Every structure is written in structure tokens, then in C-alpha cells.
$ cat query.cif   # mmCIF, C-alpha atoms
data_upload
#
loop_
_atom_site.label_atom_id
_atom_site.label_comp_id
_atom_site.auth_asym_id
_atom_site.auth_seq_id
_atom_site.Cartn_x
_atom_site.Cartn_y
_atom_site.Cartn_z
CA MET A 1 -65.03 -65.69 76.84
CA LYS A 2 -65.68 -67.79 73.77
CA ARG A 3 -65.97 -65.71 70.61
CA ALA A 4 -68.93 -66.25 68.35
CA VAL A 5 -67.86 -67.46 64.90
CA ALA A 6 -70.20 -67.80 61.95
CA PRO A 7 -70.37 -71.58 61.34
CA HIS A 8 -69.67 -71.39 57.58
CA LEU A 9 -66.53 -69.24 57.72
CA GLY A 10 -64.17 -72.07 58.46
CA THR A 11 -65.37 -74.35 55.68
CA ILE A 12 -66.57 -72.37 52.66
CA LYS A 13 -63.86 -71.44 50.20
CA MET A 14 -65.04 -68.59 48.04
CA ARG A 15 -64.36 -69.06 44.33
CA LEU A 16 -64.95 -66.34 41.77
CA THR A 17 -65.18 -67.00 38.02
CA CYS A 18 -63.20 -64.24 36.36
CA PRO A 19 -64.57 -63.53 32.87
CA PHE A 20 -61.02 -63.64 31.49
CA CYS A 21 -59.04 -66.10 33.68
CA GLY A 22 -61.74 -68.56 34.74
CA GLU A 23 -62.51 -69.88 38.22
CA ARG A 24 -60.05 -68.70 40.85
CA ASP A 25 -59.67 -68.51 44.60
CA HIS A 26 -60.94 -65.25 46.10
CA GLN A 27 -57.47 -64.56 47.54
CA GLU A 28 -56.39 -63.51 44.04
CA PHE A 29 -58.99 -60.72 44.17
CA THR A 30 -59.22 -57.47 46.12
CA TYR A 31 -62.56 -56.24 47.41
CA ARG A 32 -63.36 -52.79 46.05
CA GLY A 33 -66.69 -52.04 47.71
CA ASP A 34 -70.40 -51.83 47.02
CA ALA A 35 -71.07 -51.77 43.26
CA SER A 36 -74.41 -50.04 43.73
CA ALA A 37 -72.89 -46.87 45.25
CA LYS A 38 -73.04 -44.20 42.57
CA ARG A 39 -70.70 -41.23 42.73
CA PRO A 40 -72.60 -37.92 42.53
CA ALA A 41 -71.90 -35.76 39.47
CA ILE A 42 -68.87 -33.49 39.80
CA GLU A 43 -71.03 -30.37 39.50
CA ASN A 44 -73.30 -31.59 42.32
CA ASP A 45 -72.21 -29.48 45.32
CA SER A 46 -74.56 -31.10 47.82
CA ILE A 47 -72.48 -32.19 50.82
CA GLU A 48 -75.29 -34.54 51.83
CA ASP A 49 -75.13 -36.41 48.48
CA HIS A 50 -71.36 -36.84 48.74
CA ARG A 51 -71.58 -37.92 52.39
CA ALA A 52 -74.20 -40.53 51.43
CA TYR A 53 -71.98 -41.80 48.60
CA VAL A 54 -69.02 -42.26 50.92
CA PHE A 55 -70.74 -43.61 54.05
CA ASP A 56 -74.29 -44.91 53.42
CA ARG A 57 -74.55 -48.61 52.61
CA ALA A 58 -77.68 -50.75 52.43
CA ASN A 59 -76.24 -53.89 54.12
CA PRO A 60 -78.84 -56.19 52.53
CA ASP A 61 -79.76 -59.67 53.69
CA GLY A 62 -79.54 -61.50 50.37
CA ASP A 63 -77.99 -60.71 47.00
CA HIS A 64 -75.38 -57.98 47.06
CA ARG A 65 -73.55 -56.55 44.05
CA GLU A 66 -69.94 -55.78 44.84
CA LEU A 67 -66.82 -54.69 42.98
CA TRP A 68 -63.75 -56.91 43.02
CA ASN A 69 -60.44 -56.47 41.23
CA HIS A 70 -58.51 -59.50 39.97
CA THR A 71 -55.25 -58.10 41.34
CA SER A 72 -53.19 -61.28 41.03
CA GLY A 73 -54.60 -62.24 37.64
CA CYS A 74 -55.73 -60.19 34.66
CA ARG A 75 -56.31 -57.09 36.87
CA MET A 76 -59.81 -56.54 35.54
CA HIS A 77 -62.60 -55.16 37.69
CA VAL A 78 -65.62 -57.43 38.00
CA VAL A 79 -69.05 -57.06 39.58
CA VAL A 80 -69.78 -60.06 41.78
CA THR A 81 -73.32 -60.91 42.87
CA ARG A 82 -73.00 -62.59 46.27
CA ASN A 83 -75.67 -63.66 48.73
CA THR A 84 -74.69 -62.16 52.08
CA THR A 85 -76.55 -64.90 53.99
CA THR A 86 -75.46 -68.05 52.14
CA HIS A 87 -72.22 -66.64 50.68
CA LYS A 88 -73.26 -68.10 47.32
CA VAL A 89 -71.86 -66.29 44.28
CA THR A 90 -74.31 -66.13 41.38
CA GLY A 91 -72.65 -63.66 39.04
CA CYS A 92 -69.24 -62.33 38.05
CA GLU A 93 -69.40 -59.86 35.17
CA PRO A 94 -66.70 -57.67 33.65
CA VAL A 95 -67.06 -53.96 34.29
CA GLY A 96 -65.19 -50.86 33.17
CA PRO A 97 -63.69 -50.00 29.79
CA TRP A 98 -62.96 -53.62 28.80
CA ALA A 99 -66.48 -54.97 29.44
CA LYS A 100 -67.92 -53.73 26.15
CA THR A 101 -64.92 -54.87 24.10
CA MET A 102 -64.94 -58.33 25.67
CA LYS A 103 -68.66 -58.73 25.03
CA ALA A 104 -68.30 -57.64 21.41
CA ARG A 105 -65.46 -60.10 20.79
CA SER A 106 -66.92 -63.13 22.59
CA MET B 1 -29.49 -65.64 18.57
CA VAL B 2 -29.16 -62.28 20.26
CA ASP B 3 -25.91 -61.70 22.10
CA PHE B 4 -26.43 -60.37 25.62
CA PRO B 5 -23.10 -59.72 27.34
CA ASP B 6 -22.71 -59.97 31.12
CA ARG B 7 -26.05 -61.57 31.78
CA ILE B 8 -26.49 -61.62 35.54
CA SER B 9 -29.25 -63.51 37.29
CA PRO B 10 -30.48 -63.18 40.89
CA LEU B 11 -30.54 -66.98 40.94
CA ASP B 12 -26.80 -67.29 40.23
CA ALA B 13 -25.96 -67.32 43.93
CA VAL B 14 -28.60 -69.89 44.96
CA ALA B 15 -29.19 -72.17 41.94
CA GLU B 16 -26.34 -74.55 42.55
CA PRO B 17 -26.31 -77.39 39.98
CA GLY B 18 -26.77 -80.84 41.47
CA VAL B 19 -29.33 -83.28 42.81
CA PHE B 20 -30.99 -82.55 46.15
CA GLY B 21 -33.82 -83.66 48.43
CA THR B 22 -34.85 -86.99 49.84
CA ASP B 23 -34.58 -89.00 46.63
CA THR B 24 -31.30 -88.13 44.93
CA ASN B 25 -31.24 -91.35 42.88
CA SER B 26 -34.33 -90.52 40.86
CA PRO B 27 -35.39 -86.88 41.25
CA LYS B 28 -38.95 -86.11 40.14
CA VAL B 29 -38.52 -82.37 39.56
CA PHE B 30 -35.97 -80.65 37.31
CA LEU B 31 -35.28 -76.96 37.77
CA SER B 32 -33.39 -74.52 35.63
CA GLU B 33 -33.39 -70.87 34.72
CA ASN B 34 -34.59 -70.23 31.22
CA LEU B 35 -32.49 -67.32 30.00
CA CYS B 36 -34.78 -65.62 27.55
CA GLY B 37 -33.66 -63.05 25.00
CA SER B 38 -36.11 -60.26 25.64
CA LEU B 39 -39.45 -59.87 27.36
CA ILE B 40 -41.84 -57.20 26.17
CA GLN B 41 -45.31 -56.38 27.44
CA VAL B 42 -47.80 -54.91 25.01
CA GLN B 43 -51.04 -53.40 26.28
CA ALA B 44 -53.79 -52.29 23.91
CA TRP B 45 -56.66 -49.96 24.85
CA PRO B 46 -60.24 -51.30 24.64
CA ASP B 47 -60.99 -49.45 21.38
CA THR B 48 -57.61 -50.06 19.71
CA ILE B 49 -57.19 -53.79 20.31
CA SER B 50 -57.62 -54.68 16.63
CA VAL B 51 -54.89 -52.23 15.59
CA VAL B 52 -52.44 -53.64 18.15
CA GLU B 53 -53.26 -57.24 17.24
CA LYS B 54 -52.57 -56.44 13.60
CA ALA B 55 -49.21 -54.81 14.47
CA LEU B 56 -48.22 -57.83 16.56
CA GLU B 57 -49.21 -60.23 13.80
CA THR B 58 -47.22 -58.27 11.23
CA LEU B 59 -44.06 -58.16 13.36
CA THR B 60 -44.13 -61.68 14.84
CA LYS B 61 -45.86 -63.55 11.99
CA LEU B 62 -47.99 -65.26 14.63
CA ALA B 63 -51.75 -65.44 15.15
CA VAL B 64 -52.19 -63.38 18.33
CA PRO B 65 -53.99 -65.35 21.08
CA LYS B 66 -57.47 -64.07 21.94
CA ALA B 67 -57.79 -65.89 25.29
CA PRO B 68 -55.33 -66.80 28.10
CA GLU B 69 -53.41 -68.86 25.56
CA THR B 70 -50.07 -68.70 23.83
CA ALA B 71 -48.72 -68.64 20.29
CA HIS B 72 -45.24 -69.76 19.25
CA SER B 73 -42.76 -69.70 16.47
CA GLU B 74 -39.13 -70.81 16.59
CA ASN B 75 -37.96 -67.67 18.36
CA VAL B 76 -41.07 -65.86 19.62
CA SER B 77 -43.72 -66.80 22.20
CA ILE B 78 -46.76 -64.63 22.81
CA ILE B 79 -48.59 -65.16 26.10
CA GLN B 80 -51.87 -63.36 26.72
CA THR B 81 -51.96 -62.20 30.34
CA GLY B 82 -55.06 -60.02 30.39
CA PRO B 83 -57.61 -58.36 28.14
CA GLY B 84 -55.58 -56.70 25.37
CA ARG B 85 -52.33 -57.50 27.19
CA TRP B 86 -49.58 -59.79 25.94
CA LEU B 87 -46.17 -60.85 27.21
CA ILE B 88 -43.77 -61.49 24.36
CA ASP B 89 -40.77 -63.71 24.98
CA ALA B 90 -38.53 -63.25 21.95
CA GLU B 91 -35.06 -64.06 20.70
CA VAL B 92 -35.36 -61.42 18.00
CA GLU B 93 -33.05 -58.45 17.99
CA GLY B 94 -34.74 -55.07 17.98
CA LEU B 95 -38.32 -56.36 18.33
CA GLU B 96 -39.05 -53.95 21.19
CA ASP B 97 -38.05 -50.94 19.09
CA LYS B 98 -40.05 -52.21 16.12
CA LEU B 99 -43.12 -52.65 18.36
CA ARG B 100 -42.67 -49.12 19.72
CA SER B 101 -42.53 -47.65 16.24
CA LYS B 102 -45.59 -49.63 15.14
CA ILE B 103 -47.73 -49.09 18.29
CA SER B 104 -48.13 -45.43 19.20
CA ALA B 105 -49.25 -44.29 22.66
CA LYS B 106 -52.62 -43.56 21.09
CA ASN B 107 -53.07 -47.27 20.41
CA GLY B 108 -51.27 -48.94 23.30
CA ALA B 109 -48.22 -49.24 25.52
CA VAL B 110 -45.01 -51.18 24.94
CA THR B 111 -42.96 -51.93 28.06
CA GLY B 112 -39.58 -53.68 28.15
CA LEU B 113 -39.56 -56.29 30.95
CA THR B 114 -36.34 -58.16 30.10
CA HIS B 115 -34.66 -57.13 33.34
CA ALA B 116 -37.87 -57.23 35.38
CA ARG B 117 -38.60 -60.95 35.13
CA VAL B 118 -36.78 -64.21 35.70
CA VAL B 119 -38.02 -67.34 33.94
CA VAL B 120 -37.80 -70.52 36.00
CA GLU B 121 -38.40 -73.79 34.18
CA VAL B 122 -40.00 -76.49 36.32
CA LYS B 123 -40.37 -79.90 34.73
CA GLY B 124 -40.64 -83.55 35.63
CA PRO B 125 -43.32 -86.04 36.67
CA LYS B 126 -43.98 -84.14 39.93
CA ALA B 127 -43.73 -80.59 38.50
CA ALA B 128 -47.50 -79.94 38.59
CA TRP B 129 -47.73 -81.54 42.03
CA VAL B 130 -45.05 -79.20 43.41
CA LEU B 131 -46.60 -76.08 41.85
CA ALA B 132 -50.07 -77.05 43.08
CA SER B 133 -48.73 -77.13 46.64
CA GLY B 134 -48.34 -73.35 46.62
CA ILE B 135 -50.38 -71.90 43.77
CA ALA B 136 -54.17 -72.17 44.10
CA ILE B 137 -55.09 -73.03 40.51
CA ASP B 138 -56.13 -76.30 38.88
CA PHE B 139 -53.07 -77.91 37.29
CA SER B 140 -55.00 -80.80 35.69
CA LEU B 141 -54.53 -81.07 31.92
CA LYS B 142 -58.24 -80.48 31.38
CA ALA B 143 -58.26 -77.16 33.25
CA PHE B 144 -54.74 -76.10 32.25
CA PRO B 145 -53.97 -77.62 28.81
CA VAL B 146 -50.54 -77.60 27.18
CA GLY B 147 -49.86 -74.29 25.40
CA THR B 148 -52.03 -72.18 27.67
CA SER B 149 -51.02 -69.74 30.39
CA GLN B 150 -52.37 -68.63 33.75
CA VAL B 151 -51.62 -65.52 35.75
CA SER B 152 -51.78 -66.19 39.46
CA HIS B 153 -49.75 -65.70 42.61
CA HIS B 154 -47.82 -67.56 45.24
CA HIS B 155 -48.26 -65.91 48.66
CA GLU B 156 -48.84 -62.49 47.03
CA ILE B 157 -45.90 -62.87 44.62
CA GLY B 158 -47.28 -62.58 41.11
CA VAL B 159 -46.38 -65.38 38.74
CA THR B 160 -47.27 -66.03 35.10
CA ILE B 161 -47.28 -69.75 34.35
CA HIS B 162 -46.94 -71.11 30.83
CA ARG B 163 -47.51 -74.85 30.40
CA THR B 164 -45.04 -75.85 27.69
CA SER B 165 -45.77 -79.60 27.87
CA GLU B 166 -47.65 -82.05 30.09
CA GLU B 167 -44.82 -82.06 32.58
CA SER B 168 -43.08 -78.73 32.10
CA PHE B 169 -43.88 -75.18 33.06
CA ASP B 170 -42.20 -71.81 32.56
CA LEU B 171 -42.69 -69.47 35.51
CA TYR B 172 -42.29 -65.75 34.83
CA VAL B 173 -41.60 -64.12 38.19
CA PHE B 174 -40.49 -60.67 39.31
CA THR B 175 -36.69 -60.47 39.36
CA SER B 176 -36.64 -59.11 42.89
CA PHE B 177 -38.79 -62.02 44.13
CA ALA B 178 -37.03 -64.73 42.09
CA ARG B 179 -35.01 -66.02 45.03
CA GLY B 180 -38.15 -66.21 47.17
CA ILE B 181 -39.92 -68.31 44.54
CA TRP B 182 -36.78 -70.41 44.06
CA HIS B 183 -36.57 -71.05 47.80
CA TRP B 184 -40.20 -72.18 47.87
CA ILE B 185 -39.89 -74.46 44.81
CA THR B 186 -36.75 -76.13 46.09
CA THR B 187 -38.24 -76.61 49.56
CA ALA B 188 -41.48 -77.99 48.09
CA SER B 189 -39.52 -80.29 45.74
CA SER B 190 -37.27 -81.69 48.48
CA GLU B 191 -39.90 -84.29 49.37
CA VAL B 192 -39.59 -85.96 45.96
CA GLY B 193 -36.02 -85.02 45.08
CA TYR B 194 -35.01 -82.35 42.57
CA ALA B 195 -32.19 -81.69 40.14
CA VAL B 196 -30.86 -78.22 39.29
CA SER B 197 -29.11 -77.61 36.01
#

$ encode --input "query.cif" --output "C-alpha cells"
Amino acid sequence: MKRAVAPHLGTIKMRLTCPFCGERDHQEFTYRGDASAKRPAIENDSIEDHRAYVFDRANPDGDHRELWNHTSGCRMHVVVTRNTTTHKVTGCEPVGPWAKTMKARS
Amino acid sequence: MVDFPDRISPLDAVAEPGVFGTDTNSPKVFLSENLCGSLIQVQAWPDTISVVEKALETLTKLAVPKAPETAHSENVSIIQTGPGRWLIDAEVEGLEDKLRSKISAKNGAVTGLTHARVVVEVKGPKAAWVLASGIAIDFSLKAFPVGTSQVSHHHEIGVTIHRTSEESFDLYVFTSFARGIWHWITTASSEVGYAVS
């Protein structure tokens, strides 16, 4: 049986513009999950809230904000805005403790 | 010059001097191991970066790079490898200890990497061409000017590349992967001929 393959997967090379290193191939990055998932507060003892944080994802058709780590580069975490339909990347912002410092010094 | 007795390199057994590859009359790539004095990594914290920069400037007498660039004096090179992170390649005795005494754990971390990295110098008219065959970054002079550095990888092996001139590059690679990188560079250079010194 012939397997169905999304037509763009063989041709589009995903490039991410790291705020520190510049434009790089996505193979230098590691996917770290949905950036919109918010961890419940530590004092929140609702099992349902924690289950939702771990398992529930929106799976949108369109722009999706996701965490990537530049593992083979500067090792910063970035939030990438990627369209799940067209695969087009429209944003790549620093996140975490260095984001504020980088913004202040740019 | 710092005296380092019994310097042993993982490349000793494989980096045989000579000319190899298809064109041994006029090799286009020249390979050698750059035996550096000491390598030190300095990492600042987001709120202490100014303090660490000042300490580095005081000890090295260099303007600390603020982007993925480098700064040099006769015996010290500073390569920025990440936000608030620098790799210092120095031929200065005791610099690591001086950095440790100047940068407390409250302000940053000083890590000695002298034995953790091997520096491979790749130069020649086809140096960029050979590196581009295995490392997915733009090696054009516009994207990667002389005096700047890039941190990337070759098949998951991390490599810090410092462009020292139009046609020469210093590759900082993990000591334990140095032979792997060497094997790739020599294989990739065979097509145009390479000389090892």
C-alpha cells in the first residue's frame, strides 16, 4: 500500500532565525513543545488541571506558538510562531531569563 | 609562552604530515592542529553580565564582544558563543585562576576547557567549500565575516567555528570527537587534495 505523504515535506527546509546566532537550519534546534501550555501553580492540587497541562493540546490549523531550544548553537530557548498548515515561520523570539537582558542591551 | 609538558593530542595517531587526496601537486586545503595554551569558558548570569564583562576587560585588556564576534590581542582571543558566554583562548599563564578570583559564583561560572577541546585549523582556497559540505551554515564572507564566530554542529557533533581570515578557520571541537571530525574533514578534502602539517 502506498503511504500518504504530505506534499511539502520533501521540499521545504525549515529555517529558524535565532535571536543570537541568526538564521539556522532547524536541525540545530530541539522541539520543546507547545509554548501556550501553562504549568499550574505548585499549590494547585487539582489533578484535572495538571492532567490538562500535560496532555491537552489545541492542535490549531494556523499559527502555533512553540518552544524550541538552540541545542547546537547558543542553547537559548526561543518561541517560534509557525503556521501548521503552510509551515511558514513568522516569529522567533527569545524566552527565559536571557530575553529581558538581550532586549535591554539591543 | 606557557610551557605545557607532555602535551598529548587525540589527533597524534591520525594526523600524519604529508599531502593526500586526488591533487597532491597543488592541494587546496591545509590542515593542522592549533595547540592552544588554555581554553576557558566564562558564563555570566542575565543580571550580572555587566560585572563579568568588566572583569574580563580588566584581565584581558580587550573590549569584550557583545555579539557572536571575537576580540583579539597578541596572546588572547575571546569568542562569544552564547548570551553572556565566552570562550577564551589564551597563552597567558594563570588566567583561569585570575578569572576565578575575579568572577564569583554569584556573578558567573568559570570552566577550564583546555583538555576538553581540540582546535583544528582549516585553511586554503577550498577551506570554506569543504566545511560547507558538512556544516549547514552560510560560509559566504557577507554572512560569516572575518573575525566572527559561529556555533553549529556537524552530524550532532558540536563545533565552534572562528573565521580567522578569508580562507582560514579554527574549529573548536570536543576532544573525544576530534578524530571523527578529522576523519570527515580529510575525507571531504580528498576531492581537492589536502596537506597536513

$ atom_distance --input "query.cif" --atom1 "atom CA of B:Ser26" --atom2 "atom CA of B:Gly147"
27.3 Å

$ closest_atom_pairs --input "query.cif" --of "chain B" --to "chain A" --cutoff "12 Å" --atoms "only C-alpha atoms" --output "JSON lines"
{"residue": "B:Gln43", "atom": "CA", "partner": "A:Cys74", "partner_atom": "CA", "distance": 11.8}
{"residue": "B:Ala44", "atom": "CA", "partner": "A:Trp98", "partner_atom": "CA", "distance": 10.5}
{"residue": "B:Trp45", "atom": "CA", "partner": "A:Trp98", "partner_atom": "CA", "distance": 8.3}
{"residue": "B:Pro46", "atom": "CA", "partner": "A:Trp98", "partner_atom": "CA", "distance": 5.5}
{"residue": "B:Asp47", "atom": "CA", "partner": "A:Thr101", "partner_atom": "CA", "distance": 7.2}
{"residue": "B:Thr48", "atom": "CA", "partner": "A:Thr101", "partner_atom": "CA", "distance": 9.8}
{"residue": "B:Ile49", "atom": "CA", "partner": "A:Thr101", "partner_atom": "CA", "distance": 8.7}
{"residue": "B:Ser50", "atom": "CA", "partner": "A:Arg105", "partner_atom": "CA", "distance": 10.4}
{"residue": "B:Lys66", "atom": "CA", "partner": "A:Arg105", "partner_atom": "CA", "distance": 9.0}
{"residue": "B:Ala67", "atom": "CA", "partner": "A:Phe20", "partner_atom": "CA", "distance": 7.3}
{"residue": "B:Pro68", "atom": "CA", "partner": "A:Cys21", "partner_atom": "CA", "distance": 6.7}
{"residue": "B:Glu69", "atom": "CA", "partner": "A:Cys21", "partner_atom": "CA", "distance": 10.3}
{"residue": "B:Gln80", "atom": "CA", "partner": "A:Cys74", "partner_atom": "CA", "distance": 9.4}
{"residue": "B:Thr81", "atom": "CA", "partner": "A:Cys74", "partner_atom": "CA", "distance": 6.1}
{"residue": "B:Gly82", "atom": "CA", "partner": "A:Cys74", "partner_atom": "CA", "distance": 4.3}
{"residue": "B:Pro83", "atom": "CA", "partner": "A:Cys74", "partner_atom": "CA", "distance": 7.0}
{"residue": "B:Gly84", "atom": "CA", "partner": "A:Trp98", "partner_atom": "CA", "distance": 8.7}
{"residue": "B:Arg85", "atom": "CA", "partner": "A:Cys74", "partner_atom": "CA", "distance": 8.6}
{"residue": "B:Trp86", "atom": "CA", "partner": "A:Cys74", "partner_atom": "CA", "distance": 10.7}
{"residue": "B:Ile135", "atom": "CA", "partner": "A:Asp25", "partner_atom": "CA", "distance": 9.9}
{"residue": "B:Ala136", "atom": "CA", "partner": "A:Asp25", "partner_atom": "CA", "distance": 6.6}
{"residue": "B:Ile137", "atom": "CA", "partner": "A:Arg24", "partner_atom": "CA", "distance": 6.6}
{"residue": "B:Asp138", "atom": "CA", "partner": "A:Arg24", "partner_atom": "CA", "distance": 8.8}
{"residue": "B:Ala143", "atom": "CA", "partner": "A:Gly22", "partner_atom": "CA", "distance": 9.4}
{"residue": "B:Phe144", "atom": "CA", "partner": "A:Gly22", "partner_atom": "CA", "distance": 10.6}
{"residue": "B:Thr148", "atom": "CA", "partner": "A:Cys21", "partner_atom": "CA", "distance": 11.1}
{"residue": "B:Ser149", "atom": "CA", "partner": "A:Cys21", "partner_atom": "CA", "distance": 9.4}
{"residue": "B:Gln150", "atom": "CA", "partner": "A:Cys21", "partner_atom": "CA", "distance": 7.1}
{"residue": "B:Val151", "atom": "CA", "partner": "A:Gly73", "partner_atom": "CA", "distance": 4.8}
{"residue": "B:Ser152", "atom": "CA", "partner": "A:Gly73", "partner_atom": "CA", "distance": 5.2}
{"residue": "B:His153", "atom": "CA", "partner": "A:Ser72", "partner_atom": "CA", "distance": 5.8}
{"residue": "B:His154", "atom": "CA", "partner": "A:Ser72", "partner_atom": "CA", "distance": 9.3}
{"residue": "B:His155", "atom": "CA", "partner": "A:Gln27", "partner_atom": "CA", "distance": 9.4}
{"residue": "B:Glu156", "atom": "CA", "partner": "A:Ser72", "partner_atom": "CA", "distance": 7.5}
{"residue": "B:Ile157", "atom": "CA", "partner": "A:Ser72", "partner_atom": "CA", "distance": 8.3}
{"residue": "B:Gly158", "atom": "CA", "partner": "A:Ser72", "partner_atom": "CA", "distance": 6.1}
{"residue": "B:Val159", "atom": "CA", "partner": "A:Ser72", "partner_atom": "CA", "distance": 8.3}
{"residue": "B:Thr160", "atom": "CA", "partner": "A:Gly73", "partner_atom": "CA", "distance": 8.6}
{"residue": "B:Ile161", "atom": "CA", "partner": "A:Gly73", "partner_atom": "CA", "distance": 11.0}

$ write_last_selection --input "query.cif" --atoms "C-alpha atoms" --output "compact mmCIF listing (two decimals), in the coordinates of the input"
# COMPACT_ATOMS: atom_id res chain seq x y z
CA GLN B 43 -51.04 -53.40 26.28
CA ALA B 44 -53.79 -52.29 23.91
CA TRP B 45 -56.66 -49.96 24.85
CA PRO B 46 -60.24 -51.30 24.64
CA ASP B 47 -60.99 -49.45 21.38
CA THR B 48 -57.61 -50.06 19.71
CA ILE B 49 -57.19 -53.79 20.31
CA SER B 50 -57.62 -54.68 16.63
CA LYS B 66 -57.47 -64.07 21.94
CA ALA B 67 -57.79 -65.89 25.29
CA PRO B 68 -55.33 -66.80 28.10
CA GLU B 69 -53.41 -68.86 25.56
CA GLN B 80 -51.87 -63.36 26.72
CA THR B 81 -51.96 -62.20 30.34
CA GLY B 82 -55.06 -60.02 30.39
CA PRO B 83 -57.61 -58.36 28.14
CA GLY B 84 -55.58 -56.70 25.37
CA ARG B 85 -52.33 -57.50 27.19
CA TRP B 86 -49.58 -59.79 25.94
CA ILE B 135 -50.38 -71.90 43.77
CA ALA B 136 -54.17 -72.17 44.10
CA ILE B 137 -55.09 -73.03 40.51
CA ASP B 138 -56.13 -76.30 38.88
CA ALA B 143 -58.26 -77.16 33.25
CA PHE B 144 -54.74 -76.10 32.25
CA THR B 148 -52.03 -72.18 27.67
CA SER B 149 -51.02 -69.74 30.39
CA GLN B 150 -52.37 -68.63 33.75
CA VAL B 151 -51.62 -65.52 35.75
CA SER B 152 -51.78 -66.19 39.46
CA HIS B 153 -49.75 -65.70 42.61
CA HIS B 154 -47.82 -67.56 45.24
CA HIS B 155 -48.26 -65.91 48.66
CA GLU B 156 -48.84 -62.49 47.03
CA ILE B 157 -45.90 -62.87 44.62
CA GLY B 158 -47.28 -62.58 41.11
CA VAL B 159 -46.38 -65.38 38.74
CA THR B 160 -47.27 -66.03 35.10
CA ILE B 161 -47.28 -69.75 34.35

$ closest_residue --input "query.cif" --among "B:Ser176, B:Ser101, B:Thr22, B:Ser189" --to "B:Val118" --atoms "all atoms listed in the file"
B:Ser176

$ atom_distance --input "query.cif" --atom1 "atom CA of B:Ile79" --atom2 "atom CA of B:Val64"
8.7 Å

$ residues_around --input "query.cif" --residues "B:Val196" --least-positions-apart "2" --cutoff "8 Å" --atoms "all atoms listed in the file" --output "ChimeraX atom specification"
/B:15-19,30-32,194

$ atom_distance --input "query.cif" --atom1 "atom CA of B:Glu57" --atom2 "atom CA of B:Asp89"
14.4 Å

$ resolve_selection --input "query.cif" --expression "the PyMOL selection byres ((chain B and resi 168) around 8)" --output "list of chain:residue names"
B:Glu121, B:Val122, B:Lys123, B:Gly124, B:Ala127, B:Ala128, B:Arg163, B:Thr164, B:Ser165, B:Glu166, B:Glu167, B:Phe169, B:Asp170

$ resolve_selection --input "query.cif" --expression "the PyMOL selection byres ((chain A and resi 54) around 12)" --output "PyMOL selection string"
chain A and resi 33-34+36-40+47-53+55-57

$ resolve_selection --input "query.cif" --expression "the PyMOL selection byres ((chain B and resi 36) around 10)" --output "VMD selection string"
chain B and resid 2 33 to 35 37 to 39 75 89 to 91 114 117 to 119

$ residues_around --input "query.cif" --residues "A:Arg82" --least-positions-apart "2" --cutoff "8 Å" --atoms "all atoms listed in the file" --output "list in words"
Gly62, Asp63, His64, Arg65, Glu66, Val80, Thr84, His87, Lys88, Val89, Thr90 and Gly91 of chain A

$ decode --input "query.cif" --residues "stretch 39-56 of chain B" --atoms "N, CA and C atoms" --output "mmCIF file, in the first residue's frame"
data_model
loop_
_atom_site.group_PDB
_atom_site.id
_atom_site.type_symbol
_atom_site.label_atom_id
_atom_site.label_comp_id
_atom_site.auth_asym_id
_atom_site.auth_seq_id
_atom_site.Cartn_x
_atom_site.Cartn_y
_atom_site.Cartn_z
ATOM 1 N N LEU B 39 42.128 27.041 27.303
ATOM 2 C CA LEU B 39 40.776 27.409 26.888
ATOM 3 C C LEU B 39 39.919 27.520 28.137
ATOM 4 N N ILE B 40 39.240 28.641 28.260
ATOM 5 C CA ILE B 40 38.425 28.872 29.460
ATOM 6 C C ILE B 40 37.056 29.357 29.005
ATOM 7 N N GLN B 41 36.010 28.769 29.570
ATOM 8 C CA GLN B 41 34.664 29.273 29.274
ATOM 9 C C GLN B 41 34.171 30.101 30.454
ATOM 10 N N VAL B 42 33.649 31.267 30.143
ATOM 11 C CA VAL B 42 33.084 32.134 31.179
ATOM 12 C C VAL B 42 31.607 32.335 30.864
ATOM 13 N N GLN B 43 30.770 32.068 31.850
ATOM 14 C CA GLN B 43 29.327 32.254 31.669
ATOM 15 C C GLN B 43 28.819 33.240 32.725
ATOM 16 N N ALA B 44 28.200 34.307 32.256
ATOM 17 C CA ALA B 44 27.598 35.276 33.180
ATOM 18 C C ALA B 44 26.124 34.929 33.361
ATOM 19 N N TRP B 45 25.507 35.431 34.406
ATOM 20 C CA TRP B 45 24.057 35.287 34.591
ATOM 21 C C TRP B 45 23.393 36.536 33.998
ATOM 22 N N PRO B 46 22.101 36.426 33.642
ATOM 23 C CA PRO B 46 21.439 37.544 32.952
ATOM 24 C C PRO B 46 21.562 38.889 33.677
ATOM 25 N N ASP B 47 21.551 38.871 35.019
ATOM 26 C CA ASP B 47 21.592 40.145 35.743
ATOM 27 C C ASP B 47 23.007 40.528 36.190
ATOM 28 N N THR B 48 24.012 39.726 35.821
ATOM 29 C CA THR B 48 25.379 40.061 36.249
ATOM 30 C C THR B 48 26.308 40.223 35.049
ATOM 31 N N ILE B 49 25.761 40.309 33.869
ATOM 32 C CA ILE B 49 26.581 40.322 32.652
ATOM 33 C C ILE B 49 27.548 41.515 32.631
ATOM 34 N N SER B 50 27.114 42.651 33.118
ATOM 35 C CA SER B 50 27.983 43.836 33.112
ATOM 36 C C SER B 50 29.189 43.631 34.019
ATOM 37 N N VAL B 51 28.966 42.994 35.172
ATOM 38 C CA VAL B 51 30.057 42.746 36.125
ATOM 39 C C VAL B 51 31.101 41.817 35.496
ATOM 40 N N VAL B 52 30.618 40.763 34.833
ATOM 41 C CA VAL B 52 31.532 39.787 34.221
ATOM 42 C C VAL B 52 32.279 40.412 33.046
ATOM 43 N N GLU B 53 31.584 41.194 32.257
ATOM 44 C CA GLU B 53 32.241 41.874 31.123
ATOM 45 C C GLU B 53 33.376 42.772 31.623
ATOM 46 N N LYS B 54 33.108 43.461 32.723
ATOM 47 C CA LYS B 54 34.106 44.369 33.282
ATOM 48 C C LYS B 54 35.332 43.587 33.778
ATOM 49 N N ALA B 55 35.069 42.441 34.427
ATOM 50 C CA ALA B 55 36.172 41.601 34.925
ATOM 51 C C ALA B 55 37.006 41.079 33.762
ATOM 52 N N LEU B 56 36.331 40.661 32.694
ATOM 53 C CA LEU B 56 37.047 40.153 31.510
ATOM 54 C C LEU B 56 37.884 41.256 30.872
#
